[in-house]
>>> print(open('query-v5.cif').read())   # mmCIF, C-alpha atoms
data_coords
#
loop_
_atom_site.label_atom_id
_atom_site.label_comp_id
_atom_site.auth_asym_id
_atom_site.auth_seq_id
_atom_site.Cartn_x
_atom_site.Cartn_y
_atom_site.Cartn_z
CA MET C 1 -8.37 -11.33 -12.80
CA LEU C 2 -6.81 -11.66 -9.37
CA GLY C 3 -5.02 -9.37 -6.97
CA ILE C 4 -2.26 -10.58 -4.68
CA ASP C 5 -4.50 -11.17 -1.64
CA THR C 6 -7.29 -12.85 -3.61
CA CYS C 7 -4.68 -15.02 -5.31
CA LEU C 8 -3.50 -16.25 -1.91
CA ALA C 9 -7.09 -17.09 -0.94
CA GLU C 10 -7.50 -19.04 -4.21
CA VAL C 11 -4.33 -21.02 -3.52
CA MET C 12 -5.56 -21.84 -0.02
CA SER C 13 -8.78 -23.20 -1.51
CA ILE C 14 -6.85 -25.97 -3.30
CA PRO C 15 -7.90 -29.27 -1.65
CA GLY C 16 -5.39 -30.25 1.02
CA ALA C 17 -3.63 -26.85 1.16
CA LEU C 18 -2.15 -26.16 4.59
CA ASP C 19 -0.12 -23.02 3.97
CA ALA C 20 0.54 -20.65 1.13
CA MET C 21 2.99 -17.88 0.49
CA LEU C 22 3.87 -15.46 -2.30
CA VAL C 23 7.58 -14.75 -2.60
CA ASP C 24 9.46 -12.09 -4.53
CA HIS C 25 12.21 -14.13 -6.15
CA THR C 26 14.59 -11.21 -6.63
CA SER C 27 14.85 -10.13 -3.02
CA GLY C 28 13.63 -13.28 -1.29
CA MET C 29 10.89 -11.35 0.47
CA ALA C 30 7.57 -12.87 1.56
CA VAL C 31 5.06 -10.64 -0.23
CA ALA C 32 1.98 -12.24 1.30
CA PHE C 33 1.37 -15.37 3.35
CA SER C 34 -1.40 -17.24 5.06
CA ALA C 35 -0.93 -16.93 8.79
CA ALA C 36 -0.12 -20.31 10.27
CA ASP C 37 1.27 -20.78 13.77
CA GLY C 38 5.02 -21.05 14.07
CA VAL C 39 5.81 -20.27 10.45
CA ASP C 40 8.71 -17.87 9.99
CA ALA C 41 7.61 -16.57 6.61
CA ASP C 42 10.54 -14.19 6.13
CA ARG C 43 13.24 -16.80 6.66
CA SER C 44 11.34 -19.45 4.79
CA ALA C 45 10.92 -17.13 1.80
CA ALA C 46 14.61 -16.21 1.79
CA ALA C 47 15.75 -19.83 2.03
CA LEU C 48 13.31 -21.10 -0.61
CA THR C 49 14.54 -18.37 -2.96
CA GLU C 50 18.11 -19.56 -2.43
CA ALA C 51 16.99 -23.15 -3.11
CA LEU C 52 15.40 -22.07 -6.39
CA ARG C 53 18.49 -20.13 -7.36
CA ALA C 54 20.73 -23.10 -6.60
CA THR C 55 18.42 -25.40 -8.56
CA THR C 56 18.50 -23.09 -11.58
CA ASP C 57 22.29 -23.05 -11.30
CA GLY C 58 22.48 -26.84 -11.07
CA LEU C 59 20.10 -27.37 -13.97
CA ALA C 60 22.01 -24.89 -16.11
CA ARG C 61 25.07 -27.10 -15.72
CA SER C 62 23.21 -30.37 -16.19
CA CYS C 63 21.49 -29.25 -19.40
CA PRO C 64 24.37 -27.76 -21.41
CA GLY C 65 23.26 -25.65 -24.32
CA GLU C 66 19.86 -24.90 -22.85
CA VAL C 67 18.44 -21.80 -21.24
CA VAL C 68 16.86 -22.99 -18.00
CA ARG C 69 13.33 -21.85 -17.24
CA ILE C 70 11.70 -23.47 -14.24
CA ASP C 71 7.90 -23.71 -14.32
CA ASP C 72 7.42 -25.46 -11.04
CA MET C 73 9.32 -27.41 -8.42
CA LEU C 74 8.02 -30.18 -6.19
CA VAL C 75 9.49 -31.43 -2.93
CA THR C 76 7.80 -34.34 -1.15
CA THR C 77 8.59 -34.96 2.49
CA ASP C 78 7.25 -37.66 4.80
CA LYS C 79 4.59 -35.20 5.95
CA GLY C 80 3.45 -33.51 2.78
CA HIS C 81 4.03 -32.03 -0.65
CA HIS C 82 5.60 -28.62 -1.20
CA LEU C 83 4.84 -27.05 -4.54
CA LEU C 84 6.57 -23.95 -5.88
CA ARG C 85 5.41 -22.26 -9.03
CA LEU C 86 7.42 -19.53 -10.75
CA LEU C 87 5.36 -16.88 -12.35
CA GLU C 88 6.65 -14.49 -14.94
CA THR C 89 5.22 -11.02 -14.43
CA VAL C 90 5.43 -8.10 -16.78
CA PHE C 91 7.27 -6.06 -14.27
CA GLU C 92 9.84 -7.61 -12.06
CA GLY C 93 9.97 -11.18 -11.52
CA PRO C 94 9.51 -13.94 -11.20
CA LEU C 95 6.95 -14.14 -8.44
CA VAL C 96 6.90 -17.49 -6.66
CA ILE C 97 3.73 -19.12 -5.38
CA TYR C 98 4.47 -21.63 -2.63
CA VAL C 99 1.91 -24.04 -1.25
CA ARG C 100 2.25 -26.76 1.39
CA LEU C 101 -0.12 -29.67 0.88
CA ASP C 102 -1.31 -32.41 3.19
CA LEU C 103 0.16 -35.77 2.12
CA GLU C 104 -3.09 -37.72 2.60
CA ARG C 105 -5.75 -35.21 1.69
CA SER C 106 -4.23 -33.60 -1.39
CA ASN C 107 -4.23 -34.56 -5.03
CA LEU C 108 -0.96 -33.52 -6.54
CA ALA C 109 -2.12 -33.47 -10.16
CA LEU C 110 -5.14 -31.37 -9.25
CA ALA C 111 -3.01 -29.02 -7.16
CA ARG C 112 -0.59 -28.44 -10.03
CA TYR C 113 -3.45 -27.86 -12.42
CA ARG C 114 -5.14 -25.36 -10.09
CA LEU C 115 -1.88 -23.55 -9.42
CA ARG C 116 -1.32 -23.16 -13.14
CA ALA C 117 -4.83 -21.77 -13.59
CA ILE C 118 -4.35 -19.32 -10.72
CA SER C 119 -1.05 -18.07 -12.17
CA GLY C 120 -2.84 -17.48 -15.45
CA GLU C 121 -5.29 -15.21 -13.70
CA LEU C 122 -2.71 -13.34 -11.68
CA ALA C 123 -0.48 -12.43 -14.59
CA THR C 124 -1.24 -12.01 -18.26
CA MET P 1 17.35 5.23 12.93
CA SER P 2 18.05 8.00 10.45
CA LYS P 3 16.30 11.36 10.56
CA LEU P 4 13.99 10.48 7.69
CA ASP P 5 12.91 7.26 9.43
CA THR P 6 12.06 9.21 12.58
CA LEU P 7 10.10 11.80 10.62
CA LEU P 8 8.18 9.06 8.80
CA ALA P 9 7.46 7.22 12.05
CA GLY P 10 6.01 10.48 13.42
CA LEU P 11 3.79 10.97 10.35
CA ALA P 12 2.65 7.37 10.68
CA ARG P 13 1.73 7.88 14.36
CA GLU P 14 -0.36 10.93 13.46
CA ARG P 15 -2.01 8.90 10.65
CA SER P 16 -1.17 11.66 8.17
CA THR P 17 -2.15 11.76 4.52
CA GLY P 18 0.02 13.63 2.04
CA ALA P 19 3.35 13.78 0.27
CA LEU P 20 6.75 14.14 1.91
CA GLN P 21 9.21 15.72 -0.52
CA VAL P 22 12.83 14.84 0.26
CA GLY P 23 14.72 17.57 -1.57
CA ARG P 24 15.44 16.49 -5.12
CA SER P 25 15.98 12.88 -4.09
CA GLY P 26 12.36 11.79 -4.11
CA THR P 27 8.89 11.88 -2.62
CA ILE P 28 7.06 9.62 -0.17
CA PHE P 29 3.26 9.43 -0.35
CA LEU P 30 1.27 8.49 2.73
CA ALA P 31 -2.39 7.72 3.27
CA ASP P 32 -3.73 7.45 6.79
CA GLY P 33 -0.23 6.93 8.18
CA ARG P 34 0.77 4.18 5.77
CA VAL P 35 3.10 4.54 2.80
CA THR P 36 1.27 4.07 -0.50
CA TYR P 37 3.87 5.15 -3.01
CA MET P 38 7.45 6.33 -3.15
CA GLU P 39 9.56 7.71 -5.93
CA CYS P 40 13.31 8.18 -5.95
CA ALA P 41 15.52 9.98 -8.46
CA GLN P 42 17.98 7.07 -8.50
CA THR P 43 15.49 4.31 -9.29
CA PRO P 44 13.18 3.90 -12.29
CA SER P 45 9.53 4.78 -11.55
CA VAL P 46 6.72 2.25 -11.87
CA GLU P 47 5.51 4.13 -14.99
CA ARG P 48 8.97 3.78 -16.51
CA LEU P 49 9.11 0.06 -15.70
CA LEU P 50 5.68 -0.62 -17.19
CA ALA P 51 6.70 1.24 -20.33
CA ALA P 52 10.04 -0.63 -20.48
CA ARG P 53 8.12 -3.92 -20.70
CA GLY P 54 6.46 -2.61 -23.85
CA LEU P 55 2.91 -2.90 -22.49
CA THR P 56 2.12 0.74 -22.74
CA THR P 57 3.93 4.00 -23.35
CA GLU P 58 4.82 6.71 -20.87
CA THR P 59 2.66 9.14 -22.86
CA ALA P 60 -0.34 6.83 -22.54
CA LEU P 61 0.31 6.56 -18.81
CA ARG P 62 0.51 10.35 -18.45
CA ARG P 63 -2.84 10.59 -20.19
CA LEU P 64 -4.32 8.02 -17.81
CA ARG P 65 -2.84 9.85 -14.86
CA ALA P 66 -4.71 13.00 -15.89
CA ASP P 67 -7.92 11.22 -16.75
CA GLY P 68 -9.27 8.00 -15.34
CA GLY P 69 -6.36 6.96 -13.13
CA CYS P 70 -5.80 3.42 -11.91
CA GLU P 71 -9.33 2.15 -12.57
CA ARG P 72 -9.00 2.99 -16.23
CA LEU P 73 -5.49 1.51 -16.44
CA LEU P 74 -6.87 -1.79 -15.11
CA ALA P 75 -10.02 -1.60 -17.22
CA GLU P 76 -8.06 -1.04 -20.42
CA GLY P 77 -6.16 -4.15 -19.43
CA PRO P 78 -2.43 -4.02 -20.16
CA VAL P 79 -1.88 -5.26 -16.57
CA THR P 80 -3.88 -7.34 -14.11
CA PRO P 81 -4.62 -6.04 -10.57
CA GLY P 82 -2.09 -8.52 -9.20
CA GLU P 83 0.62 -7.31 -11.55
CA LEU P 84 -0.04 -3.67 -10.75
CA GLN P 85 0.09 -4.42 -7.02
CA TYR P 86 3.33 -6.32 -7.48
CA ALA P 87 4.74 -3.52 -9.61
CA VAL P 88 3.94 -0.87 -7.00
CA LEU P 89 5.22 -3.12 -4.22
CA GLY P 90 8.53 -3.65 -6.01
CA GLY P 91 8.82 0.01 -7.02
CA VAL P 92 8.21 1.34 -3.53
CA LEU P 93 10.68 -1.05 -1.89
CA ASP P 94 13.25 -0.20 -4.55
CA ALA P 95 12.81 3.55 -4.00
CA ALA P 96 12.83 3.10 -0.20
CA PHE P 97 16.17 1.30 -0.36
CA PHE P 98 17.81 4.38 -1.88
CA LEU P 99 15.64 7.14 -0.42
CA LEU P 100 15.44 6.27 3.29
CA PRO P 101 19.20 6.66 3.94
CA VAL P 102 19.18 10.15 2.33
CA SER P 103 20.09 12.90 4.77
CA GLY P 104 21.09 16.53 4.56
CA THR P 105 17.92 17.86 2.98
CA ARG P 106 14.99 19.30 4.84
CA PRO P 107 11.93 17.23 3.87
CA LYS P 108 8.74 19.18 3.15
CA PHE P 109 5.30 17.71 3.89
CA ARG P 110 2.34 18.64 1.69
CA PRO P 111 -0.86 17.43 3.38
CA GLY P 112 -3.59 15.86 1.28
CA GLU P 113 -1.50 15.11 -1.82
CA ARG P 114 -1.83 11.62 -3.32
CA HIS P 115 -0.11 9.68 -6.08
CA TRP P 116 -2.27 8.23 -8.83
CA LEU P 117 -0.68 4.79 -8.46
CA GLY P 118 -0.99 4.89 -4.66
CA GLY P 119 -3.60 2.79 -2.93
CA GLN P 120 -2.45 -0.48 -4.51
CA TRP P 121 -0.49 -1.66 -1.53
CA PHE P 122 -0.10 -0.24 1.97
CA PHE P 123 3.21 -0.40 3.83
CA ASP P 124 3.64 0.26 7.51
CA VAL P 125 6.75 2.34 8.17
CA PRO P 126 8.59 -0.10 10.52
CA GLY P 127 8.02 -2.93 8.01
CA LEU P 128 9.50 -0.82 5.23
CA VAL P 129 12.56 0.08 7.31
CA ARG P 130 13.01 -3.58 8.29
CA GLU P 131 12.83 -4.78 4.68
CA CYS P 132 15.44 -2.20 3.61
CA ALA P 133 17.77 -3.38 6.38
CA ARG P 134 17.22 -7.00 5.30
CA ARG P 135 18.10 -6.11 1.71
CA ARG P 136 21.25 -4.31 2.82
CA ALA P 137 22.30 -7.35 4.85
CA GLN P 138 21.57 -9.61 1.87
CA LEU P 139 23.84 -7.50 -0.36
CA ALA P 140 26.61 -7.63 2.26
CA ARG P 141 26.32 -11.42 2.46
CA ILE P 142 26.78 -11.75 -1.30
CA TRP P 143 29.79 -9.43 -1.50
CA PRO P 144 30.88 -7.30 1.44
CA SER P 145 32.24 -4.23 -0.34
CA ALA P 146 29.75 -1.53 -1.35
CA ASP P 147 32.27 0.02 -3.79
CA VAL P 148 30.78 -1.88 -6.72
CA ASP P 149 27.35 -0.26 -6.13
CA THR P 150 28.55 3.17 -7.20
CA LEU P 151 31.51 2.53 -9.53
CA PRO P 152 31.13 1.89 -13.29
CA VAL P 153 30.47 -1.80 -13.98
CA ARG P 154 33.47 -3.27 -15.80
CA PRO P 155 33.16 -6.99 -16.56
CA LEU P 156 36.44 -8.78 -17.33
CA ALA P 157 37.25 -9.01 -21.02
CA ARG P 158 38.25 -12.67 -20.62
CA LEU P 159 36.68 -15.30 -18.43
CA PRO P 160 39.16 -16.55 -15.80
CA GLY P 161 38.01 -20.13 -16.36
CA HIS P 162 36.12 -22.37 -18.78
CA GLY P 163 32.51 -21.70 -18.01
CA VAL P 164 30.15 -19.78 -15.82
CA THR P 165 26.38 -19.59 -15.30
CA LEU P 166 24.71 -16.21 -15.28
CA SER P 167 21.23 -15.30 -14.07
CA ARG P 168 18.92 -13.28 -16.29
CA VAL P 169 19.72 -9.93 -14.71
CA GLN P 170 23.45 -10.71 -14.71
CA TRP P 171 23.22 -11.43 -18.43
CA GLU P 172 21.50 -8.08 -19.03
CA VAL P 173 24.13 -6.29 -16.95
CA VAL P 174 27.01 -7.89 -18.85
CA VAL P 175 25.42 -7.13 -22.23
CA ARG P 176 24.76 -3.49 -21.37
CA ALA P 177 27.89 -2.69 -19.37
CA ASP P 178 29.83 -0.03 -21.31
CA HIS P 179 32.48 0.39 -18.59
CA LYS P 180 31.05 3.83 -17.79
CA ALA P 181 27.56 3.22 -16.41
CA THR P 182 27.12 2.60 -12.68
CA PRO P 183 24.61 -0.04 -11.47
CA PRO P 184 21.70 2.44 -10.95
CA GLU P 185 22.33 3.90 -14.43
CA LEU P 186 22.35 0.39 -15.91
CA ALA P 187 19.06 -0.36 -14.13
CA LYS P 188 17.43 2.60 -15.89
CA GLN P 189 18.83 1.50 -19.25
CA ILE P 190 17.68 -2.08 -18.81
CA GLY P 191 14.31 -1.02 -17.41
CA ARG P 192 14.59 -2.99 -14.18
CA PRO P 193 14.42 -1.92 -10.55
CA ALA P 194 17.83 -0.91 -9.19
CA TYR P 195 18.03 -3.44 -6.35
CA PRO P 196 18.07 -6.59 -8.54
CA VAL P 197 20.84 -4.95 -10.57
CA LEU P 198 22.86 -4.32 -7.39
CA VAL P 199 22.38 -7.99 -6.44
CA ALA P 200 23.52 -9.10 -9.89
CA VAL P 201 26.59 -6.83 -9.84
CA ARG P 202 27.60 -7.96 -6.35
CA ARG P 203 27.28 -11.61 -7.45
CA LEU P 204 29.48 -10.84 -10.47
CA ALA P 205 32.02 -9.26 -8.10
CA ALA P 206 31.86 -12.26 -5.76
CA SER P 207 32.54 -14.59 -8.70
CA GLY P 208 35.56 -12.47 -9.63
CA LEU P 209 34.09 -11.41 -12.97
CA LEU P 210 34.59 -7.66 -12.55
CA ALA P 211 37.80 -5.75 -13.18
CA ALA P 212 39.42 -4.23 -10.09
CA PRO P 213 38.34 -0.63 -9.56
CA ASP P 214 40.61 2.16 -10.80
CA LEU P 215 42.28 3.73 -7.82
CA PRO P 216 44.83 6.54 -7.78
CA ASN P 217 48.25 4.95 -7.67
CA ARG P 218 49.70 6.22 -4.42
CA ARG P 219 52.85 4.14 -4.54
CA ALA P 220 54.19 5.74 -7.73
CA ALA P 221 55.40 8.91 -5.98
CA THR P 222 57.45 7.19 -3.28
CA ALA P 223 58.83 4.36 -5.40
CA ALA P 224 60.80 6.75 -7.60
CA ARG P 225 64.02 6.40 -5.55
CA PRO P 226 65.60 3.15 -4.38
CA PRO P 227 65.55 2.70 -0.59
CA HIS P 228 69.34 3.11 -0.15
CA ASP P 229 69.23 6.54 -1.80
CA PRO P 230 69.73 9.17 0.91
CA GLY P 231 66.97 11.27 -0.68
CA ALA P 232 64.42 8.45 -0.47
CA ALA P 233 61.55 8.66 1.92
CA ALA P 234 62.17 6.92 5.23
CA GLN P 235 60.91 3.34 5.29
CA PRO P 236 58.29 2.73 7.93
CA LEU P 237 59.13 0.10 10.54
CA GLY P 238 57.25 -3.17 10.53
CA PRO P 239 55.08 -4.55 7.76
CA PRO P 240 53.84 -2.02 5.22
CA VAL P 241 50.50 -0.56 6.24
CA THR P 242 47.98 -0.22 3.46
CA GLY P 243 44.49 1.08 3.68
CA ASP P 244 44.03 0.35 0.02
CA PRO P 245 40.46 -0.72 -0.83
CA THR P 246 41.75 -3.23 -3.38
CA ASP P 247 43.65 -5.02 -0.60
CA LEU P 248 40.50 -4.93 1.49
CA ALA P 249 38.51 -6.46 -1.36
CA LEU P 250 41.17 -9.16 -1.76
CA LEU P 251 41.04 -9.94 1.96
CA MET P 252 37.25 -10.16 1.86
CA ARG P 253 37.47 -12.56 -1.07
CA LEU P 254 40.04 -14.68 0.75
CA LYS P 255 37.82 -14.71 3.84
CA LYS P 256 34.82 -15.77 1.76
CA ALA P 257 36.82 -18.51 0.02
CA LEU P 258 38.12 -19.84 3.35
CA GLU P 259 34.61 -19.84 4.78
CA GLU P 260 33.39 -21.83 1.81
CA LEU P 261 36.19 -24.38 2.29
CA SER P 262 35.30 -25.10 5.89
#
>>> encode(input="query-v5.cif", output="structure tokens")
Amino acid sequence: MLGIDTCLAEVMSIPGALDAMLVDHTSGMAVAFSAADGVDADRSAAALTEALRATTDGLARSCPGEVVRIDDMLVTTDKGHHLLRLLETVFEGPLVIYVRLDLERSNLALARYRLRAISGELAT
Amino acid sequence: MSKLDTLLAGLARERSTGALQVGRSGTIFLADGRVTYMECAQTPSVERLLAARGLTTETALRRLRADGGCERLLAEGPVTPGELQYAVLGGVLDAAFFLLPVSGTRPKFRPGERHWLGGQWFFDVPGLVRECARRRAQLARIWPSADVDTLPVRPLARLPGHGVTLSRVQWEVVVRADHKATPPELAKQIGRPAYPVLVAVRRLAASGLLAAPDLPNRRAATAARPPHDPGAAAQPLGPPVTGDPTDLALLMRLKKALEELS
């Protein structure tokens, strides 16, 4: 079973991981983040939260009659992959795990698999 | 900086350990100058939130508090260490949002006292104050009027349109709203921290889904006589001046709509 800090270390051990961050989806606050140079974690967390909210809103309209529940979201840029995983917690929630992956050195399928395993250990 | 902030900053500088009681509003627990736990009368406690999720009961938690504490709570396993940390983190920030602006009471410091759920997460005082300010700014961006935070939540009986999407917390607010409960009261009923409920209510207000607040009708008294009646009150020169909060809310909505257009 993982704590918040150990969870971040686990995420960073995913092959190809460059940066990781834990975000509180309700307030858009960066709960914990790996310190990389030039990263504005607070703003990034707030903006990514908005992106997730907008995506949920868009999906709710594009899948009429369904209740939308996002498991993860992937954005690929010319430099790398950005993976966001939403994690239901017993308390508040959801907690979002964000990881930035190197385009060349990462294996997307493996990263998704590891992220799912880590979420399973962070929350019951 | 409010008085409570200054006092806390002082305690942090001296690396104090103990509990700061803020009248009846709440208590702030510090260890070695960092905040470890905070409770506020307006927000549900972490114990309450854990119980609301059906994982354990408040009685069981009281028993653990007296015997075994956090280690036993984690060992018995209704929550993982990560979840407990996240719960305390959310609970403290929620309490701080309502407790830090409190003024008018003389806080009392009891050295050495600790909270049984403290020690999960350590907050430095400036960081806590900064996060509260960020949350306040976030609320203002969603909907600028703070009236809806303290008035009873009254969703419209009919939707002014064909469809709308609601978030999970908004759904819970709409289902529970009895037109009497204020957002913090609803948060306690739902078993969620108060801040997410404030966010949900402000978003409902911004989407125009809440009924206008009841305000004393000030025009009724003067409108009784037609203006040409000699007994009528003198008409003010120029455009009518209103300081009516409903007009203010309307202006804010217009401003927001215009901003979205551009």
>>> axis_aligned_box(input="query-v5.cif", around="range 58-63 of chain C", padding_each_side="4 Å", output="lines of an AutoDock Vina configuration file")
center_x = 22.6
center_y = -27.6
center_z = -15.2
size_x = 13.0
size_y = 13.5
size_z = 16.3
>>> resolve_selection(input="query-v5.cif", expression="the PyMOL selection byres ((chain C and resi 25-32) around 10)", output="ChimeraX atom specification")
/C:4-5,7-8,20-24,33-35,40-50,52-53,86-87,92-97 /P:86,89-90,131,134-135,138-139,169,195-197,199-200
>>> interface_residues(input="query-v5.cif", of="chain P", to="chain C", cutoff="8 Å", atoms="all atoms listed in the file", output="PyMOL selection string")
chain P and resi 49-50+53+79-83+85-87+90+135+165+192-193+196
>>> write_last_selection(input="query-v5.cif", atoms="C-alpha atoms", output="mmCIF file, in the frame of the given file")
data_model
loop_
_atom_site.group_PDB
_atom_site.id
_atom_site.type_symbol
_atom_site.label_atom_id
_atom_site.label_comp_id
_atom_site.auth_asym_id
_atom_site.auth_seq_id
_atom_site.Cartn_x
_atom_site.Cartn_y
_atom_site.Cartn_z
ATOM 1 C CA LEU P 49 9.110 0.060 -15.700
ATOM 2 C CA LEU P 50 5.680 -0.620 -17.190
ATOM 3 C CA ARG P 53 8.120 -3.920 -20.700
ATOM 4 C CA VAL P 79 -1.880 -5.260 -16.570
ATOM 5 C CA THR P 80 -3.880 -7.340 -14.110
ATOM 6 C CA PRO P 81 -4.620 -6.040 -10.570
ATOM 7 C CA GLY P 82 -2.090 -8.520 -9.200
ATOM 8 C CA GLU P 83 0.620 -7.310 -11.550
ATOM 9 C CA GLN P 85 0.090 -4.420 -7.020
ATOM 10 C CA TYR P 86 3.330 -6.320 -7.480
ATOM 11 C CA ALA P 87 4.740 -3.520 -9.610
ATOM 12 C CA GLY P 90 8.530 -3.650 -6.010
ATOM 13 C CA ARG P 135 18.100 -6.110 1.710
ATOM 14 C CA THR P 165 26.380 -19.590 -15.300
ATOM 15 C CA ARG P 192 14.590 -2.990 -14.180
ATOM 16 C CA PRO P 193 14.420 -1.920 -10.550
ATOM 17 C CA PRO P 196 18.070 -6.590 -8.540
#
>>> residues_around(input="query-v5.cif", residues="Gln189 in chain P", least_positions_apart="5", cutoff="12 Å", atoms="only C-alpha atoms", output="list in words")
Thr43, Pro44, Arg48, Leu49, Ala52, Glu172, Val173, Val175, Arg176, Ala177, Asp178, Ala181, Thr182, Pro183, Pro184, Ala194 and Val197 of chain P
>>> atom_distance(input="query-v5.cif", atom1="CA of Arg116 in chain C", atom2="CA of Val11 in chain C")
10.3 Å
>>> residues_around(input="query-v5.cif", residues="Ser106 in chain C", least_positions_apart="3", cutoff="10 Å", atoms="only C-alpha atoms", output="ChimeraX atom specification")
/C:14-18,80-81,100-103,109-111
>>> resolve_selection(input="query-v5.cif", expression="the PyMOL selection byres ((chain P and resi 109) around 8)", output="VMD selection string")
chain P and resid 18 to 21 107 to 108 110 to 111
>>> closest_residue(input="query-v5.cif", among="P:Leu159, P:Leu11, P:Cys40, P:Leu117", to="Arg72 in chain P", atoms="only C-alpha atoms")
P:Leu117
>>> atom_distance(input="query-v5.cif", atom1="CA of Gly120 in chain C", atom2="CA of Asp72 in chain C")
13.7 Å
>>> atom_distance(input="query-v5.cif", atom1="CA of Leu99 in chain P", atom2="CA of Pro213 in chain P")
25.7 Å
>>> residues_around(input="query-v5.cif", residues="Ala157 in chain P", least_positions_apart="5", cutoff="10 Å", atoms="all atoms listed in the file", output="compact mmCIF listing (two decimals) with C-alpha atoms, keeping the file's coordinate frame")
# COMPACT_ATOMS: atom_id res chain seq x y z
CA LEU P 209 34.09 -11.41 -12.97
CA LEU P 210 34.59 -7.66 -12.55
CA ALA P 211 37.80 -5.75 -13.18
>>> closest_residue(input="query-v5.cif", among="P:His115, P:Arg168, P:Arg136, P:Arg63", to="Asp94 in chain P", atoms="all atoms listed in the file")
P:Arg136
>>> resolve_selection(input="query-v5.cif", expression="the PyMOL selection byres ((chain C and resi 83) around 7)", output="list in words")
Met73, Leu74, Val75, His81, His82, Leu84, Arg85, Tyr98, Val99 and Arg100 of chain C
>>> closest_residue(input="query-v5.cif", among="P:Leu4, P:Leu73, P:Ala51, P:Ala249", to="Gly23 in chain P", atoms="all atoms listed in the file")
P:Leu4
